[in-house]
Each structure stands twice: as structure tokens, then as C-alpha cells.
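Text of target_4.pdb, listed as PDB, C-alpha atoms:
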```pdb
ATOM      1  CA  ARG A   1     120.051 200.118  15.485
ATOM      2  CA  CYS A   2     122.570 198.139  13.517
ATOM      3  CA  GLY A   3     126.340 198.668  13.337
ATOM      4  CA  TRP A   4     127.547 200.337  10.134
ATOM      5  CA  ARG A   5     129.804 197.431   9.191
ATOM      6  CA  VAL A   6     126.937 194.976   9.376
ATOM      7  CA  MET A   7     124.671 197.360   7.440
ATOM      8  CA  ALA A   8     127.229 197.882   4.660
ATOM      9  CA  ALA A   9     127.983 194.195   4.275
ATOM     10  CA  ALA A  10     124.281 193.340   4.279
ATOM     11  CA  ALA A  11     123.635 195.965   1.603
ATOM     12  CA  ARG A  12     126.382 194.473  -0.624
ATOM     13  CA  HIS A  13     124.717 191.058  -0.354
ATOM     14  CA  GLY A  14     121.279 192.421  -1.201
ATOM     15  CA  VAL A  15     119.587 191.620   2.098
ATOM     16  CA  LEU A  16     119.171 195.167   3.373
ATOM     17  CA  GLY A  17     115.676 196.567   3.344
ATOM     18  CA  GLY A  18     114.433 199.605   5.253
ATOM     19  CA  ARG A  19     115.282 199.673   8.906
ATOM     20  CA  GLY A  20     116.924 196.468   9.994
ATOM     21  CA  VAL A  21     117.715 193.509   7.753
ATOM     22  CA  SER A  22     114.908 191.966   5.694
ATOM     23  CA  LEU A  23     114.983 188.205   5.121
ATOM     24  CA  GLY A  24     112.104 187.543   2.800
ATOM     25  CA  SER A  25     108.997 187.864   4.930
ATOM     26  CA  ARG A  26     110.985 187.882   8.191
ATOM     27  CA  ARG A  27     112.593 190.979   9.657
ATOM     28  CA  ILE A  28     115.366 190.887  12.278
ATOM     29  CA  ARG A  29     116.188 193.916  14.410
ATOM     30  CA  CYS A  30     119.874 194.291  15.295
ATOM     31  CA  ARG A  31     120.609 195.433  18.834
ATOM     32  CA  THR A  32     124.429 195.817  18.513
ATOM     33  CA  PRO A  33     125.674 199.345  19.432
ATOM     34  CA  LEU A  34     127.301 201.489  16.737
ATOM     35  CA  THR A  35     131.032 201.064  16.203
ATOM     36  CA  ARG A  36     133.105 204.232  15.885
ATOM     37  CA  ALA A  37     134.244 205.108  12.364
ATOM     38  CA  GLY A  38     137.893 205.156  13.408
ATOM     39  CA  ASP A  39     137.773 201.714  14.947
ATOM     40  CA  ASN A  40     138.711 198.970  12.425
ATOM     41  CA  SER A  41     137.969 196.127  14.810
ATOM     42  CA  ARG A  42     134.797 194.086  14.562
ATOM     43  CA  THR A  43     133.103 192.968  17.694
ATOM     44  CA  SER A  44     132.293 189.312  18.200
ATOM     45  CA  ALA A  45     128.587 190.176  18.370
ATOM     46  CA  GLU A  46     128.725 191.801  14.910
ATOM     47  CA  SER A  47     130.545 188.812  13.425
ATOM     48  CA  GLU A  48     128.038 186.404  14.926
ATOM     49  CA  ILE A  49     125.035 188.399  13.666
ATOM     50  CA  PHE A  50     126.488 188.864  10.207
ATOM     51  CA  GLY A  51     127.306 185.159   9.870
ATOM     52  CA  ALA A  52     123.797 184.228  10.961
ATOM     53  CA  LEU A  53     122.320 186.632   8.412
ATOM     54  CA  LEU A  54     124.287 185.105   5.554
ATOM     55  CA  ASP A  55     123.394 181.573   6.641
ATOM     56  CA  GLU A  56     119.697 182.459   6.840
ATOM     57  CA  HIS A  57     119.796 184.225   3.466
ATOM     58  CA  THR A  58     121.331 181.275   1.659
ATOM     59  CA  ASN A  59     118.810 178.842   3.168
ATOM     60  CA  LEU A  60     115.630 180.718   2.337
ATOM     61  CA  PRO A  61     112.577 178.750   1.108
ATOM     62  CA  ILE A  62     112.204 178.472  -2.643
ATOM     63  CA  ALA A  63     109.452 181.102  -2.830
ATOM     64  CA  ALA A  64     111.583 183.647  -0.932
ATOM     65  CA  GLN A  65     114.879 183.188  -2.775
ATOM     66  CA  PRO A  66     115.623 186.092  -5.120
ATOM     67  CA  SER A  67     115.880 185.028  -8.748
ATOM     68  CA  THR A  68     118.791 186.319 -10.792
ATOM     69  CA  THR A  69     117.714 184.582 -14.034
ATOM     70  CA  ALA A  70     115.894 186.642 -16.628
ATOM     71  CA  LEU A  71     112.284 185.541 -17.007
ATOM     72  CA  PRO A  72     111.343 184.586 -20.588
ATOM     73  CA  PRO A  73     108.240 186.189 -22.110
ATOM     74  CA  GLN A  74     104.991 184.578 -21.011
ATOM     75  CA  GLU A  75     104.132 183.527 -24.577
ATOM     76  CA  CYS A  76     107.400 181.548 -24.717
ATOM     77  CA  LEU A  77     106.515 179.359 -21.709
ATOM     78  CA  VAL A  78     104.440 176.206 -22.099
ATOM     79  CA  GLU A  79     103.135 173.754 -19.506
ATOM     80  CA  ALA A  80     105.024 170.574 -18.728
ATOM     81  CA  GLY A  81     103.272 169.315 -15.587
ATOM     82  CA  HIS A  82     101.011 170.111 -12.641
ATOM     83  CA  VAL A  83     101.938 169.788  -8.967
ATOM     84  CA  LEU A  84      99.179 167.673  -7.418
ATOM     85  CA  ARG A  85     100.323 167.349  -3.819
ATOM     86  CA  ALA A  86     103.265 166.817  -1.500
ATOM     87  CA  HIS A  87     104.902 163.394  -1.244
ATOM     88  CA  GLY A  88     106.539 162.143   1.903
ATOM     89  CA  LEU A  89     108.166 164.234   4.607
ATOM     90  CA  HIS A  90     111.249 165.547   2.795
ATOM     91  CA  GLY A  91     109.748 168.061   0.369
ATOM     92  CA  GLU A  92     109.137 165.902  -2.698
ATOM     93  CA  LEU A  93     106.369 166.908  -5.104
ATOM     94  CA  HIS A  94     103.868 164.635  -6.833
ATOM     95  CA  VAL A  95     103.630 165.929 -10.425
ATOM     96  CA  ARG A  96     101.314 164.880 -13.242
ATOM     97  CA  ALA A  97     103.209 165.258 -16.512
ATOM     98  CA  THR A  98     101.604 166.949 -19.517
ATOM     99  CA  THR A  99     104.594 166.494 -21.796
ATOM    100  CA  ASP A 100     105.781 163.729 -24.092
ATOM    101  CA  PHE A 101     109.327 164.088 -22.713
ATOM    102  CA  PRO A 102     108.887 163.576 -18.951
ATOM    103  CA  GLU A 103     112.341 162.063 -18.445
ATOM    104  CA  ASP A 104     114.009 165.235 -19.722
ATOM    105  CA  ARG A 105     111.697 167.542 -17.781
ATOM    106  CA  PHE A 106     111.564 165.799 -14.391
ATOM    107  CA  CYS A 107     114.668 163.595 -14.148
ATOM    108  CA  THR A 108     117.486 165.707 -15.593
ATOM    109  CA  PRO A 109     118.745 168.237 -13.006
ATOM    110  CA  GLY A 110     118.789 171.849 -14.030
ATOM    111  CA  GLN A 111     116.794 175.042 -14.106
ATOM    112  CA  ARG A 112     113.023 174.978 -14.506
ATOM    113  CA  TRP A 113     110.226 177.510 -14.306
ATOM    114  CA  LEU A 114     107.348 177.246 -11.866
ATOM    115  CA  ARG A 115     104.105 179.210 -11.945
ATOM    116  CA  LEU A 116     103.034 179.494  -8.324
ATOM    117  CA  PRO A 117      99.361 179.312  -7.268
ATOM    118  CA  GLY A 118      99.310 183.103  -7.011
ATOM    119  CA  GLY A 119     100.319 183.465 -10.669
ATOM    120  CA  VAL A 120     103.953 184.490 -10.067
ATOM    121  CA  VAL A 121     106.537 182.704 -12.224
ATOM    122  CA  GLU A 122     109.760 181.742 -10.414
ATOM    123  CA  ALA A 123     112.979 180.068 -11.504
ATOM    124  CA  VAL A 124     113.601 176.822  -9.590
ATOM    125  CA  GLU A 125     116.426 174.298  -9.527
ATOM    126  CA  LEU A 126     115.461 170.676 -10.178
ATOM    127  CA  GLU A 127     117.573 168.227  -8.222
ATOM    128  CA  GLY A 128     116.056 165.087  -9.714
ATOM    129  CA  GLY A 129     112.983 162.923 -10.026
ATOM    130  CA  ARG A 130     111.689 159.422 -10.526
ATOM    131  CA  PRO A 131     108.546 157.824 -11.928
ATOM    132  CA  GLY A 132     105.571 157.519  -9.622
ATOM    133  CA  ALA A 133     101.965 156.410  -9.818
ATOM    134  CA  GLY A 134      98.644 158.067  -9.254
ATOM    135  CA  ARG A 135      96.256 157.126  -6.493
ATOM    136  CA  ARG A 136      94.487 154.791  -8.906
ATOM    137  CA  GLY A 137      97.651 153.554 -10.578
ATOM    138  CA  GLU A 138      97.592 156.060 -13.453
ATOM    139  CA  GLU A 139     100.769 156.507 -15.449
ATOM    140  CA  GLY A 140     102.400 159.835 -16.220
ATOM    141  CA  HIS A 141     103.048 160.751 -12.570
ATOM    142  CA  TRP A 142     106.488 161.751 -11.264
ATOM    143  CA  LEU A 143     108.077 162.432  -7.885
ATOM    144  CA  VAL A 144     110.237 165.557  -8.119
ATOM    145  CA  ALA A 145     112.729 167.163  -5.717
ATOM    146  CA  LEU A 146     113.495 170.894  -5.878
ATOM    147  CA  HIS A 147     116.431 172.706  -4.329
ATOM    148  CA  GLY A 148     115.412 174.521  -1.154
ATOM    149  CA  VAL A 149     112.206 172.508  -0.599
ATOM    150  CA  THR A 150     113.093 170.129   2.220
ATOM    151  CA  THR A 151     109.931 169.814   4.331
ATOM    152  CA  ARG A 152     106.396 168.677   3.658
ATOM    153  CA  GLU A 153     105.037 172.081   4.658
ATOM    154  CA  GLU A 154     107.130 173.812   2.000
ATOM    155  CA  ALA A 155     105.994 171.263  -0.586
ATOM    156  CA  GLU A 156     102.341 171.790   0.328
ATOM    157  CA  ASP A 157     102.753 175.512  -0.341
ATOM    158  CA  LEU A 158     103.524 174.614  -3.976
ATOM    159  CA  GLN A 159     100.393 172.500  -4.455
ATOM    160  CA  GLY A 160      98.606 173.684  -7.589
ATOM    161  CA  ALA A 161     101.758 175.130  -9.180
ATOM    162  CA  VAL A 162     102.559 174.467 -12.846
ATOM    163  CA  PHE A 163     105.922 173.466 -14.299
ATOM    164  CA  LEU A 164     106.832 175.532 -17.365
ATOM    165  CA  VAL A 165     109.459 175.125 -20.078
ATOM    166  CA  ASP A 166     110.760 177.489 -22.713
ATOM    167  CA  VAL A 167     109.448 176.737 -26.207
ATOM    168  CA  ASN A 168     112.942 177.246 -27.558
ATOM    169  CA  GLU A 169     114.160 174.303 -25.445
ATOM    170  CA  ARG A 170     111.674 171.794 -26.862
ATOM    171  CA  PRO A 171     113.240 168.820 -28.667
ATOM    172  CA  PRO A 172     112.812 168.779 -32.436
ATOM    173  CA  LEU A 173     110.050 166.550 -33.788
ATOM    174  CA  ASP A 174     110.969 163.440 -35.738
ATOM    175  CA  ALA A 175     108.309 163.459 -38.460
ATOM    176  CA  GLU A 176     106.610 166.102 -40.563
ATOM    177  CA  ASP A 177     103.146 165.028 -39.407
ATOM    178  CA  GLU A 178     103.972 165.579 -35.719
ATOM    179  CA  PHE A 179     102.975 168.773 -33.964
ATOM    180  CA  TYR A 180     103.165 170.207 -30.499
ATOM    181  CA  ALA A 181      99.709 170.612 -28.978
ATOM    182  CA  GLN A 182     100.522 174.177 -27.903
ATOM    183  CA  ASP A 183     101.171 175.135 -31.539
ATOM    184  CA  LEU A 184      97.714 173.930 -32.605
ATOM    185  CA  LEU A 185      95.822 176.158 -30.193
ATOM    186  CA  GLY A 186      94.375 179.229 -31.851
ATOM    187  CA  LEU A 187      94.565 177.898 -35.419
ATOM    188  CA  THR A 188      91.652 178.815 -37.683
ATOM    189  CA  ALA A 189      89.649 175.788 -38.852
ATOM    190  CA  ILE A 190      88.494 175.976 -42.478
ATOM    191  CA  LEU A 191      86.697 173.586 -44.800
ATOM    192  CA  GLN A 192      89.035 172.238 -47.460
ATOM    193  CA  ASP A 193      86.504 172.248 -50.294
ATOM    194  CA  THR A 194      84.995 175.727 -49.782
ATOM    195  CA  ARG A 195      87.895 177.397 -47.902
ATOM    196  CA  ALA A 196      85.275 178.881 -45.572
ATOM    197  CA  PRO A 197      86.344 179.426 -41.948
ATOM    198  CA  ILE A 198      84.122 177.619 -39.479
ATOM    199  CA  GLY A 199      85.833 178.081 -36.118
ATOM    200  CA  GLU A 200      88.980 178.029 -33.996
ATOM    201  CA  VAL A 201      90.950 175.255 -32.299
ATOM    202  CA  VAL A 202      90.644 175.852 -28.556
ATOM    203  CA  ASP A 203      91.970 172.589 -27.095
ATOM    204  CA  VAL A 204      93.666 169.283 -27.904
ATOM    205  CA  LEU A 205      92.372 166.281 -25.972
ATOM    206  CA  ASP A 206      93.566 162.688 -25.639
ATOM    207  CA  SER A 207      90.617 160.295 -25.864
ATOM    208  CA  GLY A 208      92.670 157.157 -25.266
ATOM    209  CA  GLY A 209      92.292 155.989 -28.866
ATOM    210  CA  GLY A 210      93.781 159.151 -30.356
ATOM    211  CA  GLN A 211      93.827 162.918 -30.192
ATOM    212  CA  LEU A 212      90.807 165.155 -30.680
ATOM    213  CA  LEU A 213      90.747 168.772 -31.783
ATOM    214  CA  GLN A 214      88.161 170.786 -29.917
ATOM    215  CA  VAL A 215      86.893 173.380 -32.381
ATOM    216  CA  GLU A 216      84.695 176.266 -31.283
ATOM    217  CA  LEU A 217      82.340 177.132 -34.133
ATOM    218  CA  THR A 218      81.970 180.833 -34.918
ATOM    219  CA  GLY A 219      78.850 180.801 -37.122
ATOM    220  CA  PRO A 220      76.017 183.281 -36.412
ATOM    221  CA  ASP A 221      73.668 180.480 -35.299
ATOM    222  CA  GLU A 222      76.195 178.394 -33.399
ATOM    223  CA  GLY A 223      76.411 180.384 -30.175
ATOM    224  CA  GLY A 224      79.934 179.176 -29.348
ATOM    225  CA  ARG A 225      79.090 175.493 -29.833
ATOM    226  CA  ARG A 226      82.099 173.180 -29.701
ATOM    227  CA  VAL A 227      82.679 170.014 -31.700
ATOM    228  CA  TYR A 228      85.348 167.321 -31.411
ATOM    229  CA  VAL A 229      87.268 166.490 -34.580
ATOM    230  CA  PRO A 230      89.478 163.347 -34.684
ATOM    231  CA  PHE A 231      93.040 164.386 -35.442
ATOM    232  CA  VAL A 232      93.630 161.932 -38.299
ATOM    233  CA  ARG A 233      94.859 162.549 -41.813
ATOM    234  CA  GLU A 234      91.542 161.560 -43.412
ATOM    235  CA  ILE A 235      89.652 164.309 -41.539
ATOM    236  CA  VAL A 236      92.473 166.821 -40.964
ATOM    237  CA  PRO A 237      94.531 166.559 -44.162
ATOM    238  CA  VAL A 238      96.465 169.852 -43.838
ATOM    239  CA  VAL A 239      97.945 171.608 -40.811
ATOM    240  CA  ASP A 240      99.803 174.842 -41.574
ATOM    241  CA  VAL A 241     101.111 176.275 -38.316
ATOM    242  CA  ALA A 242     102.993 179.086 -40.071
ATOM    243  CA  ALA A 243      99.830 180.246 -41.859
ATOM    244  CA  GLY A 244      97.708 179.695 -38.750
ATOM    245  CA  VAL A 245      95.120 177.420 -40.394
ATOM    246  CA  VAL A 246      94.019 173.823 -40.194
ATOM    247  CA  GLU A 247      91.993 172.351 -43.058
ATOM    248  CA  LEU A 248      89.130 169.976 -42.301
ATOM    249  CA  GLU A 249      87.337 167.444 -44.461
ATOM    250  CA  PRO A 250      84.696 166.237 -41.992
ATOM    251  CA  PRO A 251      82.375 163.318 -42.753
ATOM    252  CA  PRO A 252      78.652 164.111 -43.066
ATOM    253  CA  GLY A 253      77.062 164.888 -39.719
ATOM    254  CA  LEU A 254      80.282 165.448 -37.733
ATOM    255  CA  LEU A 255      79.846 169.200 -37.382
ATOM    256  CA  GLU A 256      76.138 168.776 -36.554
ATOM    257  CA  LEU A 257      76.799 166.609 -33.497
ATOM    258  CA  GLY A 258      75.430 168.259 -30.390
ATOM    259  CA  LYS A 259      73.401 170.768 -32.369
ATOM    260  CA  ARG A 260      69.963 171.442 -30.998
ATOM    261  CA  GLN A 261      67.200 169.934 -33.100
ATOM    262  CA  GLY A 262      64.360 171.176 -30.898
ATOM    263  CA  PRO A 263      63.554 171.953 -27.282
ATOM    264  CA  THR A 264      65.676 170.224 -24.720
ATOM    265  CA  ARG A 265      64.299 167.827 -22.128
ATOM    266  CA  LYS A 266      64.480 170.543 -19.500
ATOM    267  CA  GLU A 267      62.530 172.936 -21.702
ATOM    268  CA  ARG A 268      59.900 170.244 -22.416
ATOM    269  CA  MET A 269      59.473 169.536 -18.712
ATOM    270  CA  ARG A 270      59.145 173.246 -17.995
ATOM    271  CA  GLU A 271      56.478 173.665 -20.687
ATOM    272  CA  ARG A 272      54.601 170.600 -19.388
ATOM    273  CA  SER A 273      54.625 172.058 -15.880
ATOM    274  CA  ARG A 274      53.335 175.384 -17.157
ATOM    275  CA  ALA A 275      50.514 173.648 -19.064
ATOM    276  CA  TYR A 276      49.534 171.682 -15.956
ATOM    277  CA  PHE A 277      49.198 174.792 -13.781
ATOM    278  CA  ARG A 278      47.457 176.666 -16.592
ATOM    279  CA  ASN A 279      44.790 173.937 -16.874
ATOM    280  CA  ARG A 280      44.485 173.820 -13.111
ATOM    281  CA  ARG A 281      43.709 177.533 -12.959
ATOM    282  CA  GLN A 282      41.107 177.147 -15.692
ATOM    283  CA  ARG A 283      39.369 174.333 -13.799
ATOM    284  CA  ARG A 284      39.277 176.406 -10.647
ATOM    285  CA  ARG A 285      37.707 179.320 -12.533
ATOM    286  CA  GLN A 286      35.045 177.005 -13.926
ATOM    287  CA  GLU A 287      34.315 175.555 -10.470
ATOM    288  CA  ASN A 288      34.022 179.021  -8.936
ATOM    289  CA  SER A 289      31.741 180.131 -11.752
ATOM    290  CA  THR A 290      29.511 177.085 -11.242
ATOM    291  CA  LYS A 291      29.258 177.740  -7.496
ATOM    292  CA  GLU A 292      28.259 181.343  -8.082
ATOM    293  CA  GLN A 293      25.542 180.311 -10.539
ATOM    294  CA  MET A 294      24.204 177.717  -8.108
ATOM    295  CA  SER A 295      24.025 180.300  -5.333
ATOM    296  CA  ASP A 296      21.975 182.557  -7.655
ATOM    297  CA  GLY A 297      19.723 179.661  -8.583
ATOM    298  CA  THR A 298      20.868 179.509 -12.176
ATOM    299  CA  THR A 299      23.137 177.124 -13.985
ATOM    300  CA  ASP A 300      24.149 177.131 -17.587
ATOM    301  CA  GLY A 301      22.094 180.256 -18.144
ATOM    302  CA  GLU A 302      18.727 178.551 -17.369
ATOM    303  CA  ASN A 303      16.377 179.184 -14.458
ATOM    304  CA  SER A 304      16.662 176.220 -12.115
ATOM    305  CA  ARG A 305      14.120 177.425  -9.527
ATOM    306  CA  PRO A 306      11.018 175.276  -9.222
ATOM    307  CA  THR A 307       7.836 176.921 -10.598
ATOM    308  CA  CYS A 308       4.210 176.102 -10.112
ATOM    309  CA  GLU A 309       2.138 175.731 -13.237
ATOM    310  CA  GLN A 310      -1.318 177.253 -13.318
ATOM    311  CA  SER A 311      -3.994 174.687 -13.925
TER     312      SER A 311
END
```
Mind turning the file's structure into C-alpha cells?
Amino acid sequence: RCGWRVMAAAARHGVLGGRGVSLGSRRIRCRTPLTRAGDNSRTSAESEIFGALLDEHTNLPIAAQPSTTALPPQECLVEAGHVLRAHGLHGELHVRATTDFPEDRFCTPGQRWLRLPGGVVEAVELEGGRPGAGRRGEEGHWLVALHGVTTREEAEDLQGAVFLVDVNERPPLDAEDEFYAQDLLGLTAILQDTRAPIGEVVDVLDSGGGQLLQVELTGPDEGGRRVYVPFVREIVPVVDVAAGVVELEPPPGLLELGKRQGPTRKERMRERSRAYFRNRRQRRRQENSTKEQMSDGTTDGENSRPTCEQS
């Protein structure tokens, strides 16, 4: 049992849970005897336990620290980077940036949001970061330090997490023909000449030479087929995010790329295999039929037995 002074102080600091004092996933049982209500003195054992509790509570791992910041709505959070692995022995994270403003997201200290591998979104405190390099020398990699993550084991627990930012904190765009990739997802793709809807933008990809809109066609004969549309003014002349549409003027044959014109190679090989075994069964039937006729002394419906002619 725990002394009432320790219990009351722990409750005020938000670390009291059930019987004993709960510290995240750890639970410590207090063995100090009860102090009488009329006694205002605090034993040295109580002071030592209470001080240890506060020290442990303020040094919890990042996943166990209680968050006092209100979580924004999920639709207001967008990805800024992916945690690939731990770096070094002091809790640094190797992050692959998915933003055009990596210096602001991974170098400037301040509050960030982190979606843990289990799907829980937590508020974290960024202490700083610096540019890094991928295993093959790729650019866009950063080494990030978070408050409370000081060991490699704690950093490995965050592998696979995703850095998130609030859409309201995004920097304003410089030109009218610039768009955030997140705002293009879900737009309805229509043909500019006929105004007929043909599909929906499901992804924005970087091909190295420019961006591509991945459009999932919604026609009755398409079956969810996806095409890649170059995000250039000649092919995508109008983008209206407020109206939720993107107008396309595709060149001839662009929307037919990848469309099935006949049986696939796999289907042709399967049909060839079926024809082979079908012919093989037919040959076996013919051979068995011939053997039966020979055993009866007839072949091709004629009597093959030798006969003696009467002179």
C-alpha cells in the first residue's frame, strides 16, 4: 500500500492509475506504511519514492509520454516523410522526405505529428535534423532527432512511422499553376471537349522527367484500369481544386495504353496447353480403338481374317 501523501501528489501529477502508481507500461508497488492523518511530517522514504516517480515520469519514452496537445482532424494531416530505420546509437531517425520543404519540416525545431506503426497519431517534439543520404546515395534523406528518443532501441520502435503536418501550416505556393499533390487526389478527370467524366485521380507520381497523374478509369468496360497522364499544360489545361475537377486533353492513344487488345500471353499459353492435352487424349482413344479392332480381327470395318477361296 502507498502512503496517502504520495498517492495524492501522484494523482495531481496524473500518474496515478488503479492500485499503485502507473508509469506507462510499468507499474511500481509502493511498500511505505501509511502515515497518520494528523502527522504533517513526511518520511524520508516517501520523499525518495515520490522524487523517483516524478523523475521517471518526466523521462518516459516518446510513445509513453502523455500528449496535452489537441490532435487535428485526420483529414487535416498530410504526409511529410517516412521513418526508414534508426541511425547511430543515440536515437536518431533516418527519414525519407516526401515534401518540397524538407528544411522547414526536419531542421526547424518544434512540434510535429507522428503516425506510429500501429496507426496511433502522437505529438512529438523535433529537436533538429540534418541532410543525409540513402544507402545508394539517393537525395531527399534526413537524419532527425526527437525529444525523448535517446537510444537506438527506442528509434527502432519508430521504424515505419510517418511524419505528418497540418495542412493549415503549409507554406503558400508562389505561382497559380502550382498545386500540392495531396489536393489533386480525388479530383474527377473529365474530357475538355465533351465534358464527360472518365475517371478519378488516385495518385501523383514523379517520373524523374516530370509529374504523372495516375487516373483510374471508371467506364463500364475498363474494370478499374489505370492510365498515367503527364501533368503538363498541353494535356492538363485546367485544374480546379475548388470544383473538384481536372480537365484533360489527351493525345490520341494515351487513354488506350495498357488496354487489352486480345488474350494475354498467359491466356494463350494456357489455351495452347489445353489443346495439346486435348489432342493427346484423342490420339490415345484412336490407339485404343485400333487395338480393340485388331484383337477382334477387324480393322477399319473390314474383315482382316484370311479366307480360303473355293476352287
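The result of the PyMOL selection byres ((chain A and resi 196) around 12) on the shown file is Thr188, Ala189, Ile190, Leu191, Gln192, Asp193, Thr194, Arg195, Pro197, Ile198, Gly199, Leu217, Thr218, Gly219, Val245, Val246, Glu247, Leu248 and Glu249 of chain A.
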Subject >> Spatial neighbours of Leu213 (chain A), max dist 6 Å, all atoms listed in the file, sep filter under 5 positions, as a PyMOL selection string >> reply: chain A and resi 204+228-229
Original post:
Near Leu212 (chain A), counting all atoms listed in the file, which residues have an atom at most 12 Å away, once you skip same-chain residues fewer than 4 positions from it, shown as a PyMOL selection string?
Top reply: chain A and resi 181+184+201-208+226-232+235-236
**OP:** Show which residues sit within 10 Å of Glu153 (chain A), as a PyMOL selection string. Count all atoms listed in the file, and ignore same-chain residues fewer than 4 positions away.
**Re:** chain A and resi 86+89-91+149+157-158
**OP:** Between A:Leu187, A:Ala155, A:Val124, A:Leu254, single out the one closest to Leu143 (chain A), counting all atoms listed in the file.
**Re:**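 Checking each candidate against Leu143 (chain A), we get A:Ala155 as the closest.
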Original post:
Using all atoms listed in the file, which residue out of A:Val167, A:Leu255, A:Val162, A:Leu146 lies closest to Tyr180 (chain A)?
Top reply: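 Smallest distance to Tyr180 (chain A) is found for A:Val167.
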Subject >> Distance query region 105-115 of chain A at most 8 Å, only C-alpha atoms, self and fewer than 4 positions along chain excluded, as a list of chain:residue names >> reply: A:Ala80, A:Phe101, A:Gly119, A:Val120, A:Val121, A:Glu122, A:Ala123, A:Val124, A:Glu125, A:Leu126, A:Glu127, A:Gly128, A:Gly129, A:Arg130, A:Trp142, A:Val144, A:Ala161, A:Val162, A:Phe163, A:Leu164, A:Val165
Subject >> Separation of CA of Pro72 (chain A) from CA of Val239 (chain A) in Å >> reply: 27.5 Å
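Here CA of Cys76 (chain A) stands at a distance of 17.1 Å from CA of Leu116 (chain A).
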Original post:
Could you state the separation of CA of Glu79 (chain A) and CA of Gln214 (chain A) in Å, given to one decimal place?
Top reply: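 Going from CA of Glu79 (chain A) over to CA of Gln214 (chain A), I get 18.5 Å.
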Original post:
Using only C-alpha atoms, which of the listed residues (A:Asp166, A:Val238, A:Glu92, A:Glu271) sits closest to Leu71 (chain A)?
Top reply: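 Distance minimum relative to Leu71 (chain A) lands on A:Asp166.
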Original post:
A:Asp100, A:Glu256, A:Glu222, A:Glu287: which is nearest Leu173 (chain A), counting only C-alpha atoms?
Top reply: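 Looking at the shortest contact to Leu173 (chain A), the residue is A:Asp100.
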Original post:
What lies within 6 Å of region 94-96 of chain A using all atoms listed in the file, ignoring chain neighbours under 3 positions off, as a PyMOL selection string?
Top reply: chain A and resi 81-87+140-143
Original post:
So which one's closest to Asn168 (chain A), A:Pro252, A:Pro73, A:Pro263, A:Gly148? Using only C-alpha atoms, please.
Top reply: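 Among A:Pro252, A:Pro73, A:Pro263, A:Gly148, it is A:Pro73 that comes nearest to Asn168 (chain A).
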Is it possible to produce a file of region 78-98 of chain A from this structure, with C-alpha atoms, as a tab-separated table (two decimals), in the first residue's frame?
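As written to disk, result15.tsv reads:
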```tsv
chain	number	residue	atom	x	y	z
A	78	VAL	CA	-0.73	15.18	-44.69
A	79	GLU	CA	2.46	13.14	-45.02
A	80	ALA	CA	5.85	14.82	-44.89
A	81	GLY	CA	8.23	11.86	-44.58
A	82	HIS	CA	8.68	8.18	-43.72
A	83	VAL	CA	10.93	6.79	-40.99
A	84	LEU	CA	13.10	4.18	-42.71
A	85	ARG	CA	15.34	3.00	-39.89
A	86	ALA	CA	17.40	4.02	-36.88
A	87	HIS	CA	20.69	5.86	-37.36
A	88	GLY	CA	23.58	5.53	-34.97
A	89	LEU	CA	23.39	4.75	-31.27
A	90	HIS	CA	21.83	7.95	-29.90
A	91	GLY	CA	18.25	7.69	-31.15
A	92	GLU	CA	18.46	9.49	-34.49
A	93	LEU	CA	15.99	8.55	-37.22
A	94	HIS	CA	16.69	8.11	-40.92
A	95	VAL	CA	13.75	9.78	-42.72
A	96	ARG	CA	12.89	9.87	-46.42
A	97	ALA	CA	11.22	13.21	-47.14
A	98	THR	CA	8.03	13.39	-49.21
```
